[in-house]
$ cat query-v8.txt   # compact mmCIF, C-alpha atoms and all ligand atoms
# COMPACT_ATOMS: atom_id res chain seq x y z
CA MET U 1 60.42 -20.72 -1.97
CA GLY U 2 59.10 -22.82 -4.79
CA ASN U 3 55.83 -24.63 -5.16
CA GLU U 4 57.31 -27.86 -3.82
CA HIS U 5 56.66 -26.33 -0.39
CA LEU U 6 53.22 -25.13 -1.39
CA PHE U 7 52.03 -28.67 -2.13
CA ARG U 8 53.22 -31.74 -0.30
CA ASN U 9 50.23 -34.04 -0.79
CA PRO U 10 50.19 -35.95 -4.06
CA GLY U 11 46.94 -36.83 -5.83
CA VAL U 12 44.86 -39.83 -4.83
CA GLY U 13 43.24 -42.59 -6.84
CA VAL U 14 39.44 -42.77 -6.84
CA THR U 15 37.42 -45.95 -7.37
CA VAL U 16 33.64 -45.98 -7.58
CA ARG U 17 32.19 -49.49 -7.46
CA GLY U 18 28.53 -50.20 -8.11
CA VAL U 19 27.47 -46.95 -6.49
CA SER U 20 23.81 -46.02 -6.30
CA LYS U 21 22.31 -42.93 -4.76
CA SER U 22 18.60 -42.51 -4.36
CA TYR U 23 16.76 -39.58 -2.88
CA ARG U 24 13.39 -40.15 -1.26
CA VAL U 25 10.91 -37.51 -2.31
CA ALA U 26 7.13 -37.25 -1.93
CA ALA U 27 6.56 -38.69 -5.40
CA GLY U 28 8.81 -41.73 -4.73
CA ASP U 29 12.53 -42.44 -5.08
CA VAL U 30 14.77 -40.43 -7.41
CA HIS U 31 17.65 -42.57 -8.64
CA ALA U 32 20.45 -40.06 -9.09
CA LEU U 33 23.14 -42.73 -9.55
CA ARG U 34 22.47 -46.31 -10.66
CA GLU U 35 25.17 -48.82 -9.81
CA SER U 36 27.83 -46.66 -11.38
CA SER U 37 31.40 -47.87 -11.60
CA TRP U 38 34.29 -45.64 -12.48
CA GLU U 39 37.95 -45.06 -11.80
CA VAL U 40 40.32 -42.11 -11.76
CA ARG U 41 43.99 -42.68 -11.31
CA LYS U 42 46.26 -40.86 -8.91
CA GLY U 43 47.23 -37.46 -10.34
CA GLU U 44 44.89 -37.66 -13.30
CA ALA U 45 42.72 -34.79 -14.61
CA VAL U 46 39.32 -35.85 -15.92
CA ALA U 47 36.22 -33.97 -17.01
CA ILE U 48 32.63 -35.17 -16.80
CA MET U 49 29.87 -34.01 -19.11
CA GLY U 50 26.22 -34.90 -19.16
CA PRO U 51 22.74 -33.42 -19.25
CA SER U 52 21.16 -31.67 -16.30
CA GLY U 53 19.99 -34.13 -13.66
CA CYS U 54 22.19 -37.04 -14.77
CA GLY U 55 23.94 -37.21 -11.40
CA LYS U 56 27.14 -35.19 -11.78
CA THR U 57 26.79 -33.10 -8.63
CA THR U 58 25.56 -36.14 -6.73
CA LEU U 59 28.73 -38.00 -7.71
CA LEU U 60 31.02 -35.13 -6.65
CA ASN U 61 29.18 -34.84 -3.32
CA LEU U 62 29.78 -38.53 -2.67
CA LEU U 63 33.46 -38.31 -3.60
CA GLY U 64 33.87 -35.25 -1.40
CA GLY U 65 32.26 -36.93 1.59
CA VAL U 66 29.43 -34.39 1.66
CA ASP U 67 26.91 -37.18 1.25
CA ARG U 68 26.86 -40.98 1.40
CA PRO U 69 25.75 -43.42 -1.29
CA THR U 70 22.68 -45.63 -0.87
CA SER U 71 24.81 -48.64 -1.85
CA GLY U 72 28.19 -49.46 -3.37
CA THR U 73 31.76 -48.63 -2.45
CA ILE U 74 33.85 -45.49 -2.90
CA LEU U 75 37.59 -45.81 -2.43
CA VAL U 76 39.77 -42.71 -2.18
CA ASP U 77 43.44 -43.52 -1.85
CA GLY U 78 42.34 -47.07 -1.06
CA GLN U 79 40.17 -45.98 1.87
CA ASP U 80 36.49 -46.81 1.79
CA LEU U 81 34.46 -43.65 2.38
CA THR U 82 31.32 -45.69 2.94
CA ALA U 83 32.92 -47.41 5.94
CA MET U 84 33.98 -44.15 7.61
CA ASN U 85 32.23 -42.69 10.62
CA GLU U 86 31.07 -39.06 10.55
CA ARG U 87 34.29 -37.72 12.04
CA ALA U 88 36.51 -39.56 9.55
CA LEU U 89 34.33 -38.38 6.68
CA GLU U 90 34.57 -34.82 7.96
CA LEU U 91 38.37 -35.08 8.04
CA HIS U 92 38.32 -36.43 4.49
CA ARG U 93 36.23 -33.43 3.43
CA LEU U 94 38.40 -30.87 5.20
CA ARG U 95 41.87 -32.26 4.64
CA ARG U 96 41.80 -34.18 1.39
CA VAL U 97 39.27 -32.42 -0.81
CA GLY U 98 39.24 -28.97 -2.42
CA PHE U 99 35.90 -27.88 -3.84
CA VAL U 100 35.51 -25.33 -6.62
CA PHE U 101 31.95 -24.17 -7.29
CA GLN U 102 30.14 -22.37 -10.08
CA PHE U 103 29.28 -19.39 -7.91
CA PHE U 104 32.76 -18.74 -6.49
CA ASN U 105 31.60 -18.95 -2.84
CA LEU U 106 33.82 -16.10 -1.69
CA ILE U 107 33.09 -14.05 1.40
CA PRO U 108 32.14 -10.63 -0.02
CA SER U 109 33.24 -8.45 2.89
CA VAL U 110 36.90 -9.51 3.05
CA THR U 111 39.79 -9.31 0.59
CA ALA U 112 40.87 -12.03 -1.84
CA PHE U 113 43.92 -12.61 0.37
CA GLU U 114 41.77 -13.05 3.47
CA ASN U 115 39.36 -15.34 1.63
CA ILE U 116 42.27 -17.64 0.77
CA GLU U 117 43.68 -17.47 4.30
CA LEU U 118 40.43 -18.38 6.01
CA PRO U 119 40.47 -22.18 5.54
CA MET U 120 44.07 -22.25 6.78
CA VAL U 121 43.21 -20.18 9.85
CA MET U 122 40.32 -22.54 10.53
CA ALA U 123 42.65 -25.51 10.17
CA GLY U 124 44.83 -24.01 12.90
CA MET U 125 47.82 -23.12 10.75
CA PRO U 126 50.24 -20.60 12.33
CA GLU U 127 49.61 -17.03 11.18
CA ALA U 128 52.92 -16.54 9.40
CA GLU U 129 52.40 -19.71 7.41
CA CYS U 130 48.84 -18.65 6.48
CA HIS U 131 50.17 -15.34 5.17
CA ASP U 132 52.96 -16.98 3.24
CA ARG U 133 50.75 -19.65 1.67
CA ALA U 134 48.01 -17.14 0.77
CA ARG U 135 50.59 -14.95 -0.95
CA ARG U 136 52.02 -17.85 -2.92
CA LEU U 137 48.61 -19.26 -3.82
CA LEU U 138 47.66 -15.84 -5.19
CA GLY U 139 50.82 -16.02 -7.28
CA LEU U 140 49.96 -19.51 -8.48
CA VAL U 141 46.63 -18.30 -9.88
CA GLY U 142 48.18 -15.13 -11.34
CA LEU U 143 46.64 -12.63 -8.94
CA GLU U 144 49.60 -11.51 -6.85
CA ALA U 145 48.73 -7.85 -7.53
CA LYS U 146 45.07 -8.15 -6.52
CA GLY U 147 45.16 -9.71 -3.08
CA GLN U 148 43.82 -6.61 -1.38
CA LYS U 149 40.72 -6.39 -3.58
CA ARG U 150 37.35 -7.54 -2.33
CA PRO U 151 35.47 -10.04 -4.55
CA GLU U 152 33.16 -7.36 -5.98
CA GLU U 153 36.22 -5.45 -7.19
CA LEU U 154 37.36 -8.45 -9.23
CA SER U 155 36.11 -9.78 -12.56
CA GLY U 156 34.30 -13.12 -12.71
CA GLY U 157 37.41 -14.83 -14.03
CA GLU U 158 39.51 -13.30 -11.25
CA GLN U 159 36.98 -14.31 -8.62
CA GLN U 160 37.14 -17.89 -9.82
CA ARG U 161 40.94 -17.77 -9.66
CA VAL U 162 40.53 -16.83 -6.02
CA GLY U 163 38.05 -19.71 -5.74
CA VAL U 164 40.69 -22.13 -7.03
CA ALA U 165 43.38 -20.71 -4.70
CA LEU U 166 40.94 -21.04 -1.80
CA ALA U 167 40.24 -24.66 -2.70
CA LEU U 168 44.00 -25.33 -2.63
CA ALA U 169 44.63 -23.64 0.71
CA ASN U 170 44.92 -26.81 2.77
CA ASP U 171 46.81 -28.76 0.11
CA PRO U 172 44.04 -31.17 -0.92
CA ALA U 173 44.89 -34.32 -2.85
CA LEU U 174 41.60 -34.31 -4.72
CA ILE U 175 40.13 -31.25 -6.46
CA LEU U 176 36.41 -31.46 -7.23
CA ALA U 177 35.12 -28.70 -9.48
CA ASP U 178 31.37 -28.53 -10.17
CA GLU U 179 30.81 -26.39 -13.27
CA PRO U 180 33.57 -24.00 -12.22
CA THR U 181 33.30 -22.19 -15.55
CA GLY U 182 29.50 -22.08 -15.76
CA ASN U 183 29.46 -18.39 -14.94
CA LEU U 184 32.35 -17.30 -17.15
CA ASP U 185 32.85 -16.19 -20.74
CA SER U 186 34.69 -18.60 -23.03
CA VAL U 187 38.13 -17.00 -22.63
CA ASN U 188 37.95 -17.12 -18.83
CA ALA U 189 36.36 -20.58 -18.95
CA THR U 190 39.31 -21.95 -20.89
CA ALA U 191 41.75 -20.17 -18.58
CA ILE U 192 40.16 -21.65 -15.45
CA ALA U 193 39.98 -25.14 -16.98
CA THR U 194 43.66 -24.81 -17.95
CA LEU U 195 44.53 -23.75 -14.42
CA LEU U 196 42.66 -26.73 -12.97
CA ARG U 197 44.28 -29.09 -15.39
CA SER U 198 47.73 -27.75 -14.48
CA LEU U 199 47.18 -28.85 -10.89
CA SER U 200 47.44 -32.38 -12.23
CA THR U 201 50.29 -31.91 -14.68
CA ALA U 202 52.43 -29.55 -12.57
CA HIS U 203 51.54 -30.67 -9.04
CA GLY U 204 50.29 -34.25 -9.34
CA LYS U 205 46.84 -33.50 -7.93
CA THR U 206 43.82 -35.55 -8.92
CA VAL U 207 41.34 -33.21 -10.59
CA ILE U 208 37.71 -33.97 -11.48
CA MET U 209 35.81 -31.22 -13.28
CA VAL U 210 32.15 -31.23 -14.26
CA SER U 211 31.18 -29.01 -17.18
CA HIS U 212 28.40 -28.53 -19.68
CA ASP U 213 30.66 -26.87 -22.20
CA PRO U 214 32.41 -28.98 -24.88
CA LYS U 215 35.00 -26.23 -25.49
CA THR U 216 35.98 -26.11 -21.83
CA VAL U 217 36.44 -29.85 -21.41
CA GLU U 218 38.75 -29.92 -24.45
CA VAL U 219 41.48 -28.73 -22.12
CA PHE U 220 41.26 -32.01 -20.21
CA PRO U 221 42.97 -35.17 -21.49
CA THR U 222 40.04 -37.46 -20.61
CA VAL U 223 36.35 -36.66 -20.82
CA TYR U 224 33.63 -38.93 -19.49
CA SER U 225 29.95 -38.75 -20.29
CA MET U 226 27.17 -39.45 -17.84
CA ARG U 227 23.56 -40.09 -18.58
CA ASP U 228 20.72 -40.99 -16.28
CA GLY U 229 22.92 -41.90 -13.31
CA LEU U 230 25.51 -43.89 -15.23
CA PHE U 231 28.76 -43.41 -17.10
CA VAL U 232 28.11 -44.07 -20.76
CA THR U 233 30.37 -45.27 -23.52
CA ASN U 234 28.42 -43.95 -26.46
CA GLU U 235 29.47 -41.46 -29.13
CA THR U 236 29.63 -38.53 -26.73
CA SER U 237 32.48 -40.12 -24.79
CA VAL U 238 35.87 -38.89 -25.87
CA THR U 239 39.44 -39.61 -24.88
CA ARG U 240 42.22 -37.34 -26.01
CA PRO U 241 45.51 -39.22 -25.99
CA PRO U 242 47.54 -36.45 -27.74
CA SER U 243 47.33 -33.99 -24.86
CA ARG U 244 47.88 -36.51 -22.08
CA PRO U 245 50.78 -35.81 -19.77
CA ALA U 246 53.95 -37.65 -20.66
CA GLY U 247 54.11 -41.16 -19.30
CA SER U 248 50.39 -41.81 -19.07
CA ALA U 249 48.67 -44.06 -21.55
CA ALA U 250 45.32 -43.66 -23.23
CA ARG U 251 42.64 -45.67 -21.53
CA SER U 252 39.17 -46.88 -22.18
CA TRP U 253 36.03 -46.51 -20.16
CA THR U 254 34.97 -48.12 -16.97
CA SER U 255 31.23 -48.37 -16.76
CA SER U 256 28.79 -50.79 -15.30
N1 LIG A 1 18.67 -33.52 -2.26
C1 LIG A 1 17.96 -34.05 -3.26
N2 LIG A 1 16.70 -34.51 -3.04
C2 LIG A 1 15.99 -35.07 -4.03
N3 LIG A 1 16.42 -35.23 -5.29
C3 LIG A 1 17.66 -34.79 -5.57
C4 LIG A 1 18.50 -34.19 -4.58
N4 LIG A 1 19.69 -33.86 -5.15
C5 LIG A 1 19.60 -34.25 -6.44
N5 LIG A 1 18.39 -34.81 -6.69
C6 LIG A 1 17.95 -35.38 -7.97
O1 LIG A 1 18.93 -36.31 -8.38
C7 LIG A 1 19.15 -36.23 -9.79
C8 LIG A 1 20.62 -35.89 -10.05
O2 LIG A 1 20.88 -34.57 -9.57
P1 LIG A 1 22.30 -33.87 -9.73
O3 LIG A 1 22.24 -32.58 -8.99
O4 LIG A 1 23.35 -34.83 -9.35
O5 LIG A 1 22.36 -33.61 -11.30
P2 LIG A 1 23.45 -32.84 -12.18
O6 LIG A 1 23.92 -33.78 -13.20
O7 LIG A 1 24.46 -32.22 -11.30
O8 LIG A 1 22.56 -31.71 -12.88
P3 LIG A 1 22.94 -30.19 -13.30
O9 LIG A 1 23.73 -30.28 -14.57
O10 LIG A 1 21.61 -29.55 -13.50
O11 LIG A 1 23.69 -29.58 -12.16
C9 LIG A 1 18.16 -35.19 -10.30
O12 LIG A 1 17.01 -35.86 -10.74
C10 LIG A 1 17.88 -34.36 -9.08
O13 LIG A 1 16.60 -33.78 -9.16
MG MG A 2 24.99 -30.26 -10.86
$ encode --input "query-v8.txt" --output "structure tokens"
Amino acid sequence: MGNEHLFRNPGVGVTVRGVSKSYRVAAGDVHALRESSWEVRKGEAVAIMGPSGCGKTTLLNLLGGVDRPTSGTILVDGQDLTAMNERALELHRLRRVGFVFQFFNLIPSVTAFENIELPMVMAGMPEAECHDRARRLLGLVGLEAKGQKRPEELSGGEQQRVGVALALANDPALILADEPTGNLDSVNATAIATLLRSLSTAHGKTVIMVSHDPKTVEVFPTVYSMRDGLFVTNETSVTRPPSRPAGSAARSWTSS
């Protein structure tokens, strides 16, 4: 069976309109996002760079439905996350979003194969289908021979491949990767970024990757810069038309 059966859900468009997020702390309010506006098209792969504290993780948490903005609107596939009740937001998180983290987030006591199977088991997928998908997801990330290894028996790069396969288990439309290469050497970092990017080009997924590393984001066709809770259009913002997938046009920034 080919990958057309592995992934049925196409990517989704994401629109962020005038979104602010403030955290109340003892010293006052922290403004993590300040009326940010931004757009990612269906099936696009974009990277976000920016200094520590500029709001990157906050943004991904809002897009993933882990948290809610203080004000503004977030549309995913045309649906307003800010208007959803808790149950709808939970379904968004579980069914539409795949998270990839810096620290792999694998369960240490079970095999790579079982790690990948777990979200499918939890989603109530029949056992045979879980096995079949886990096997093919391992193949997709190039680890078909290492499914029976536990995380500690795998290299960092291999563990993150498992992390990507795990994120893809329930066929999410939107992949959110928060510094997925932060713990890897440059060769593995480029390999993981290339793998993430391929989810857009080969499978039509929408992929948003946060990274600190200019070399890693080079793999992505569009790179946005954030600063102080906003998308910025200054000299650090780069678009890379030459490596865009066929049929998509170069595009300028959306920023408030
Ligand atoms: N739960 C929270 N409570 C209070 N302040 C928070 C909370 N989460 C984030 N912040 C603050 O919001 C701002 C943005 O944080 P965020 O984690 O989004 O930054 P980041 O760009 O991901 O940084 P890094 O590159 O270090 O991961 C920071 O000033 C941070 O201290
Ligand atoms: Mg962060």
$ atom_distance --input "query-v8.txt" --atom1 "atom P2 of ligand LIG 1 (chain A)" --atom2 "CA of Glu158 in chain U"
25.3 Å
$ axis_aligned_box --input "query-v8.txt" --around "ligand LIG 1 (chain A)" --padding-each-side "5 Å" --output "AutoDock Vina command-line options"
--center_x 20.2 --center_y -32.9 --center_z -8.4 --size_x 18.5 --size_y 16.8 --size_z 22.3
$ closest_residue --input "query-v8.txt" --among "U:Gly13, U:Pro51, U:Gly147, U:Gly163" --to "ligand MG 2 (chain A)" --atoms "all atoms listed in the file"
U:Pro51
$ residues_near_ligand --input "query-v8.txt" --ligand "ligand MG 2 (chain A)" --cutoff "7 Å" --atoms "all atoms listed in the file" --output "ChimeraX atom specification"
/U:52-53,56-57,178
$ residues_near_ligand --input "query-v8.txt" --ligand "ligand LIG 1 (chain A)" --cutoff "12 Å" --atoms "only C-alpha atoms and all ligand atoms" --output "NGL selection string"
:U and (20-34 or 48-62 or 66-69 or 101-102 or 177-180 or 182 or 209-213 or 225-231)
$ atom_distance --input "query-v8.txt" --atom1 "CA of Glu90 in chain U" --atom2 "CA of Leu106 in chain U"
21.1 Å
$ closest_residue --input "query-v8.txt" --among "U:Arg96, U:Arg150, U:Arg197, U:Lys205" --to "Asn170 in chain U" --atoms "only C-alpha atoms"
U:Arg96
